[in-house]
file coords06.csv (CSV, C-alpha atoms)
chain,number,residue,atom,x,y,z
B,1,MET,CA,-4.6,18.5,80.1
B,2,SER,CA,-1.0,17.4,80.6
B,3,ALA,CA,1.1,15.8,77.9
B,4,ALA,CA,3.7,13.0,78.3
B,5,ALA,CA,6.8,12.6,76.2
B,6,SER,CA,6.7,9.5,74.1
B,7,ARG,CA,9.5,7.0,73.7
B,8,GLY,CA,10.1,5.6,70.2
B,9,LEU,CA,7.1,6.2,68.0
B,10,LEU,CA,7.0,4.7,64.6
B,11,LEU,CA,5.4,7.3,62.4
B,12,LEU,CA,3.5,6.3,59.3
B,13,ARG,CA,1.2,7.8,56.7
B,14,ARG,CA,-2.2,6.2,56.0
B,15,ALA,CA,-5.6,7.4,54.7
B,16,GLY,CA,-4.4,11.0,54.4
B,17,GLY,CA,-3.1,11.3,58.0
B,18,VAL,CA,-0.1,10.6,60.1
B,19,TRP,CA,-0.2,7.9,62.8
B,20,GLY,CA,2.2,6.9,65.5
B,21,ILE,CA,2.6,3.6,67.1
B,22,ALA,CA,5.0,2.6,69.9
B,23,SER,CA,8.0,1.1,68.2
B,24,ALA,CA,8.4,-1.4,71.0
B,25,ALA,CA,5.1,-2.9,69.9
B,26,VAL,CA,6.2,-3.4,66.4
B,27,GLU,CA,7.3,-7.0,65.6
B,28,GLY,CA,7.8,-6.8,61.9
B,29,LEU,CA,7.8,-4.4,59.0
B,30,ALA,CA,7.7,-5.5,55.3
B,31,PRO,CA,7.0,-3.8,52.0
B,32,ARG,CA,3.8,-5.0,50.4
B,33,GLY,CA,2.9,-3.7,47.0
B,34,ALA,CA,2.9,0.1,47.1
B,35,GLY,CA,2.8,0.1,50.9
B,36,TYR,CA,3.9,-1.7,54.1
B,37,ARG,CA,2.6,-4.4,56.4
B,38,ILE,CA,3.4,-3.9,60.0
B,39,ALA,CA,3.1,-6.8,62.4
B,40,VAL,CA,1.9,-5.7,65.9
B,41,GLY,CA,1.0,-8.6,68.3
B,42,GLU,CA,-1.7,-10.7,66.7
B,43,SER,CA,-2.8,-8.0,64.2
B,44,ALA,CA,-1.3,-6.4,61.2
B,45,LEU,CA,-1.4,-2.8,60.2
B,46,ALA,CA,-1.1,-1.1,56.8
B,47,ALA,CA,0.9,2.0,55.9
B,48,ASP,CA,1.2,3.9,52.7
B,49,GLU,CA,4.5,5.3,53.8
B,50,ILE,CA,6.9,4.9,56.7
B,51,LEU,CA,8.2,8.3,58.0
B,52,GLY,CA,10.6,7.0,60.6
B,53,VAL,CA,10.9,6.6,64.4
B,54,VAL,CA,10.9,9.7,66.6
B,55,ASP,CA,11.5,10.1,70.3
B,56,GLY,CA,10.2,12.7,72.7
B,57,LEU,CA,7.0,13.7,71.0
B,58,ARG,CA,4.6,15.3,73.5
B,59,VAL,CA,1.5,13.0,73.6
B,60,HIS,CA,-1.7,14.6,74.7
B,61,PRO,CA,-4.3,12.4,76.2
B,62,PRO,CA,-7.4,12.0,73.9
B,63,ALA,CA,-9.7,14.8,74.5
B,64,PRO,CA,-13.4,14.2,75.3
B,65,VAL,CA,-14.5,16.1,72.3
B,66,LEU,CA,-12.5,13.8,70.1
B,67,ARG,CA,-13.8,10.7,71.7
B,68,ARG,CA,-17.3,12.0,71.2
B,69,PHE,CA,-17.0,12.3,67.5
B,70,TRP,CA,-14.4,9.6,66.7
B,71,PRO,CA,-15.3,6.2,68.0
B,72,GLU,CA,-11.8,4.6,67.7
B,73,ALA,CA,-9.5,3.9,70.6
B,74,MET,CA,-6.2,5.7,70.8
B,75,ASP,CA,-3.4,6.6,73.1
B,76,GLY,CA,-3.4,10.3,72.3
B,77,LEU,CA,-2.5,13.1,70.0
B,78,ALA,CA,0.8,14.7,69.1
B,79,VAL,CA,2.4,17.0,66.5
B,80,HIS,CA,5.4,16.2,64.4
B,81,GLY,CA,6.7,18.7,61.8
B,82,ARG,CA,3.4,20.7,62.0
B,83,MET,CA,1.4,17.5,61.2
B,84,PRO,CA,-1.1,16.2,63.7
B,85,VAL,CA,-0.3,12.6,64.8
B,86,VAL,CA,-2.8,10.1,66.1
B,87,VAL,CA,-1.0,7.9,68.6
B,88,VAL,CA,-2.7,4.5,68.3
B,89,ASP,CA,-3.3,1.9,70.9
B,90,PRO,CA,-1.4,-1.1,69.5
B,91,ARG,CA,-4.0,-3.5,71.0
B,92,ARG,CA,-6.9,-1.7,69.4
B,93,PRO,CA,-5.8,-0.1,66.1
B,94,PRO,CA,-8.3,1.9,64.2
B,95,ALA,CA,-10.1,0.4,61.3
B,96,ALA,CA,-8.3,2.7,58.8
B,97,LEU,CA,-4.9,1.1,59.8
B,98,ARG,CA,-5.9,-2.6,59.7
B,99,TYR,CA,-4.1,-4.5,57.1
B,100,ASP,CA,-6.3,-6.4,54.6
B,101,GLU,CA,-4.4,-9.6,53.8
B,102,GLY,CA,-5.5,-9.2,50.2
B,103,GLU,CA,-3.9,-5.8,50.0
B,104,GLY,CA,-1.0,-5.5,47.6
B,105,VAL,CA,-1.4,-9.0,46.3
B,106,ASN,CA,-1.9,-8.0,42.7
B,107,GLU,CA,0.2,-4.9,42.8
B,108,GLY,CA,3.4,-4.9,40.9
B,109,ARG,CA,2.3,-7.7,38.7
B,110,GLU,CA,1.7,-7.4,35.0
S,1,MET,CA,-17.6,59.5,84.1
S,2,GLU,CA,-17.5,55.7,84.2
S,3,PRO,CA,-20.4,54.3,82.1
S,4,PHE,CA,-20.7,51.0,84.0
S,5,GLY,CA,-20.2,49.8,87.6
S,6,THR,CA,-18.1,46.7,88.4
S,7,ALA,CA,-21.0,44.4,88.5
S,8,GLU,CA,-22.4,45.8,85.2
S,9,ARG,CA,-19.1,45.5,83.5
S,10,GLU,CA,-18.8,41.8,84.6
S,11,THR,CA,-22.3,41.2,83.3
S,12,ARG,CA,-21.5,42.8,80.0
S,13,ARG,CA,-18.2,40.8,79.7
S,14,GLN,CA,-20.1,37.6,80.2
S,15,GLY,CA,-22.6,38.6,77.6
S,16,THR,CA,-20.1,39.6,75.0
S,17,HIS,CA,-20.0,37.2,72.1
S,18,LEU,CA,-18.3,36.7,68.8
S,19,LEU,CA,-20.8,36.4,66.1
S,20,VAL,CA,-20.0,34.0,63.3
S,21,ARG,CA,-21.8,32.7,60.2
S,22,ALA,CA,-22.3,29.0,59.8
S,23,GLY,CA,-24.3,28.1,56.8
S,24,GLU,CA,-27.6,30.0,57.1
S,25,TYR,CA,-27.3,30.5,60.8
S,26,ALA,CA,-25.5,33.2,62.8
S,27,CYS,CA,-24.0,31.8,66.0
S,28,ALA,CA,-22.8,33.6,69.0
S,29,LEU,CA,-19.7,32.2,70.8
S,30,PRO,CA,-18.8,33.5,74.2
S,31,LEU,CA,-15.9,35.9,73.7
S,32,ALA,CA,-14.1,34.7,76.8
S,33,ALA,CA,-13.8,31.2,75.2
S,34,VAL,CA,-12.4,32.5,71.9
S,35,ARG,CA,-8.6,32.1,71.7
S,36,ARG,CA,-8.0,33.1,68.1
S,37,VAL,CA,-9.7,33.6,64.8
S,38,VAL,CA,-7.6,32.5,61.8
S,39,ARG,CA,-8.0,31.7,58.2
S,40,ALA,CA,-9.4,28.2,57.8
S,41,VAL,CA,-6.6,25.8,58.9
S,42,THR,CA,-5.5,22.8,56.9
S,43,VAL,CA,-7.4,19.8,58.2
S,44,HIS,CA,-6.3,16.1,58.0
S,45,PRO,CA,-9.4,13.9,58.0
S,46,LEU,CA,-10.0,11.1,60.5
S,47,PRO,CA,-11.5,8.1,58.7
S,48,GLY,CA,-14.6,6.9,60.5
S,49,ALA,CA,-15.3,10.2,62.3
S,50,ALA,CA,-18.8,11.6,62.7
S,51,GLY,CA,-19.7,14.4,60.2
S,52,GLU,CA,-19.2,17.1,62.8
S,53,LEU,CA,-15.5,16.3,63.1
S,54,GLU,CA,-13.7,17.5,60.1
S,55,GLY,CA,-10.4,16.2,61.3
S,56,LEU,CA,-7.2,17.3,63.0
S,57,ALA,CA,-4.9,20.3,62.5
S,58,GLU,CA,-1.9,21.8,64.1
S,59,PHE,CA,-2.2,25.0,65.9
S,60,GLY,CA,0.6,26.7,67.8
S,61,GLY,CA,2.5,23.4,68.0
S,62,GLU,CA,-0.5,21.6,69.5
S,63,PRO,CA,-2.9,19.1,68.0
S,64,LEU,CA,-6.3,20.6,67.3
S,65,PRO,CA,-9.5,18.7,66.6
S,66,VAL,CA,-11.5,20.7,64.1
S,67,LEU,CA,-15.3,20.7,64.1
S,68,ASN,CA,-17.7,21.9,61.5
S,69,LEU,CA,-19.8,24.5,63.2
S,70,GLY,CA,-22.6,24.3,60.7
S,71,ARG,CA,-22.9,20.6,61.2
S,72,LEU,CA,-22.9,21.0,65.0
S,73,VAL,CA,-25.9,23.3,64.9
S,74,ASN,CA,-27.6,21.6,62.0
S,75,ALA,CA,-27.5,24.7,59.9
S,76,PRO,CA,-28.7,24.6,56.3
S,77,PRO,CA,-25.7,25.2,54.1
S,78,GLY,CA,-25.3,28.7,52.8
S,79,ALA,CA,-23.4,30.1,49.9
S,80,ASN,CA,-19.8,29.2,49.4
S,81,PRO,CA,-17.9,31.3,52.0
S,82,ALA,CA,-15.5,33.9,50.7
S,83,PHE,CA,-13.3,34.0,53.8
S,84,PRO,CA,-13.8,30.8,55.7
S,85,VAL,CA,-12.3,30.9,59.2
S,86,THR,CA,-11.3,28.6,62.0
S,87,VAL,CA,-12.3,29.9,65.4
S,88,VAL,CA,-10.0,28.4,68.0
S,89,VAL,CA,-11.9,28.1,71.2
S,90,TRP,CA,-11.8,26.6,74.7
S,91,VAL,CA,-14.5,24.0,75.3
S,92,GLY,CA,-15.4,22.0,78.4
S,93,PRO,CA,-15.6,22.9,82.0
S,94,ALA,CA,-13.1,25.2,83.7
S,95,GLY,CA,-10.2,23.1,84.9
S,96,ALA,CA,-10.6,20.5,82.2
S,97,ARG,CA,-10.9,22.7,79.2
S,98,GLU,CA,-9.5,21.7,75.8
S,99,MET,CA,-8.7,23.6,72.6
S,100,VAL,CA,-10.9,23.0,69.6
S,101,GLY,CA,-11.2,24.6,66.2
S,102,LEU,CA,-14.6,25.5,64.9
S,103,ASN,CA,-14.8,25.9,61.1
S,104,ALA,CA,-17.2,28.6,60.1
S,105,ASP,CA,-18.1,30.6,57.0
S,106,ALA,CA,-17.1,34.0,58.4
S,107,ALA,CA,-16.4,35.9,61.6
S,108,LEU,CA,-18.9,38.8,61.7
S,109,GLU,CA,-18.6,41.1,64.7
S,110,VAL,CA,-18.6,41.3,68.5
S,111,VAL,CA,-22.0,41.7,70.0
S,112,HIS,CA,-23.6,41.8,73.4
S,113,VAL,CA,-26.3,39.3,74.2
S,114,ALA,CA,-28.3,40.0,77.3
S,115,ASP,CA,-29.2,37.0,79.4
S,116,GLU,CA,-32.8,38.1,79.5
S,117,SER,CA,-33.1,38.0,75.8
S,118,LEU,CA,-32.3,34.3,75.5
S,119,VAL,CA,-35.1,31.8,74.8
S,120,ALA,CA,-35.4,28.1,73.9
S,121,GLY,CA,-32.1,26.4,74.7
S,122,ASP,CA,-31.7,22.7,74.5
S,123,GLY,CA,-29.7,22.3,77.7
S,124,GLY,CA,-26.6,21.4,75.7
S,125,LEU,CA,-24.6,23.2,73.1
S,126,LEU,CA,-27.5,25.5,72.3
S,127,LEU,CA,-27.8,27.9,75.2
S,128,GLY,CA,-30.6,29.7,73.5
S,129,GLU,CA,-31.6,32.0,70.7
S,130,ALA,CA,-31.7,35.7,70.9
S,131,PRO,CA,-32.4,38.6,68.5
S,132,VAL,CA,-29.3,40.5,67.5
S,133,GLY,CA,-29.4,43.3,64.9
S,134,GLY,CA,-32.7,42.1,63.4
S,135,GLU,CA,-31.6,38.5,63.1
S,136,VAL,CA,-32.1,35.5,65.5
S,137,VAL,CA,-28.8,34.1,66.5
S,138,ARG,CA,-27.9,30.8,68.1
S,139,VAL,CA,-26.1,31.4,71.4
S,140,LEU,CA,-23.8,28.5,72.1
S,141,ASN,CA,-22.6,27.0,75.4
S,142,LEU,CA,-19.1,25.8,74.6
S,143,GLU,CA,-18.7,24.2,78.0
S,144,ALA,CA,-21.3,21.6,76.9
S,145,LEU,CA,-19.3,20.7,73.8
S,146,GLY,CA,-16.4,19.4,75.9
S,147,ARG,CA,-18.6,17.1,78.0
S,148,GLU,CA,-18.7,13.4,77.3
S,149,ALA,CA,-21.8,12.5,75.2
call {"tool": "encode", "arguments": {"input": "coords06.csv", "output": "structure tokens"}}
result
Amino acid sequence: MSAAASRGLLLLRRAGGVWGIASAAVEGLAPRGAGYRIAVGESALAADEILGVVDGLRVHPPAPVLRRFWPEAMDGLAVHGRMPVVVVDPRRPPAALRYDEGEGVNEGRE
Amino acid sequence: MEPFGTAERETRRQGTHLLVRAGEYACALPLAAVRRVVRAVTVHPLPGAAGELEGLAEFGGEPLPVLNLGRLVNAPPGANPAFPVTVVVWVGPAGAREMVGLNADAALEVVHVADESLVAGDGGLLLGEAPVGGEVVRVLNLEALGREA
């Protein structure tokens, strides 16, 4: 299977993994509590940590074996700094990344 | 003197398997599909994945989906493994194969499984069962693993 070089992926950490999203799809990024809220089109994503934006990652198309055992949509897989990266489809982000609007509301308050 | 002719050598090559322990089962993986056996790799879980998929790892600079072999073959859990391994294999049909890690309790030995000794496959991942060294082993068809469900 061939891999394509990505242009501008915003890398973030969430739920124990590293995720990448096309930075061109990101419309806003704001700290919320201990994490971040990322505006992408009509949806919002959550991140525990923002790792930065990288260019040129080799993105492998999602393999059948992965689609078979993980029902979420994605654009592919990559590796950054020896960490596997799931490159998400900005139109259909996985449930683990969806921002709960109640998230972080009470954080940072006494 | 050469012990085997060309055809016999090919038959033996195709029947050569790596025997691994997965829970209480012994599974035979076609040796031609085995790329590497390494100490269990660090796995990053994928939230929402089926139980068979432990998560993702990095291997040789490439992303690697890692499956739990015991869960794949519905093996009853065994004792805690002393030297768990990840067997990096090719799955799927030739021309569209993909690299996958199979987490297992141990890599045991290389064995020959004769086609005629196989019985009771399921037409999918389980090619059949065969007696090897006094134990019934599950012989796996890794091509089937890479097919769409």
call {"tool": "atom_distance", "arguments": {"input": "coords06.csv", "atom1": "atom CA of S:Asn68", "atom2": "atom CA of S:Glu54"}}
result
6.1 Å
call {"tool": "interface_residues", "arguments": {"input": "coords06.csv", "of": "chain B", "to": "chain S", "cutoff": "6 Å", "atoms": "only C-alpha atoms", "output": "ChimeraX atom specification"}}
result
/B:17,64-65,69-70,78-79,82,84
call {"tool": "residues_near_point", "arguments": {"input": "coords06.csv", "point": "(-3.4, 6.6, 66.7)", "cutoff": "6 Å", "atoms": "all atoms listed in the file", "output": "short mmCIF file (atom, residue, chain, number, x, y, z; two decimals) with C-alpha atoms, keeping the file's coordinate frame"}}
result
data_model
loop_
_atom_site.label_atom_id
_atom_site.label_comp_id
_atom_site.auth_asym_id
_atom_site.auth_seq_id
_atom_site.Cartn_x
_atom_site.Cartn_y
_atom_site.Cartn_z
CA TRP B 19 -0.20 7.90 62.80
CA GLY B 20 2.20 6.90 65.50
CA MET B 74 -6.20 5.70 70.80
CA VAL B 86 -2.80 10.10 66.10
CA VAL B 87 -1.00 7.90 68.60
CA VAL B 88 -2.70 4.50 68.30
#
call {"tool": "closest_residue", "arguments": {"input": "coords06.csv", "among": "S:Val85, S:Ala94, S:Ala114, S:Ala33", "to": "S:Arg21", "atoms": "all atoms listed in the file"}}
result
S:Val85
call {"tool": "closest_residue", "arguments": {"input": "coords06.csv", "among": "B:Ile50, B:Ala96, B:Leu77, B:Ile21", "to": "B:Ala34", "atoms": "only C-alpha atoms"}}
result
B:Ile50
call {"tool": "closest_residue", "arguments": {"input": "coords06.csv", "among": "B:Leu9, B:Ala63, B:Ala46, B:Ala24", "to": "B:Leu97", "atoms": "only C-alpha atoms"}}
result
B:Ala46
call {"tool": "atom_distance", "arguments": {"input": "coords06.csv", "atom1": "atom CA of S:Cys27", "atom2": "atom CA of S:Leu102"}}
result
11.4 Å
call {"tool": "axis_aligned_box", "arguments": {"input": "coords06.csv", "around": "stretch 54-68 of chain B", "padding_each_side": "5 Å", "output": "AutoDock Vina command-line options"}}
result
--center_x -2.9 --center_y 12.9 --center_z 71.4 --size_x 38.8 --size_y 16.4 --size_z 19.6
call {"tool": "atom_distance", "arguments": {"input": "coords06.csv", "atom1": "atom CA of S:Ala32", "atom2": "atom CA of S:Val113"}}
result
13.3 Å
call {"tool": "residues_around", "arguments": {"input": "coords06.csv", "residues": "S:Thr86", "least_positions_apart": "2", "cutoff": "8 Å", "atoms": "all atoms listed in the file", "output": "ChimeraX atom specification"}}
result
/S:37-41,84,88,101-104
call {"tool": "residues_around", "arguments": {"input": "coords06.csv", "residues": "S:Glu135", "least_positions_apart": "5", "cutoff": "12 Å", "atoms": "all atoms listed in the file", "output": "ChimeraX atom specification"}}
result
/S:19,21,24-28,129-130
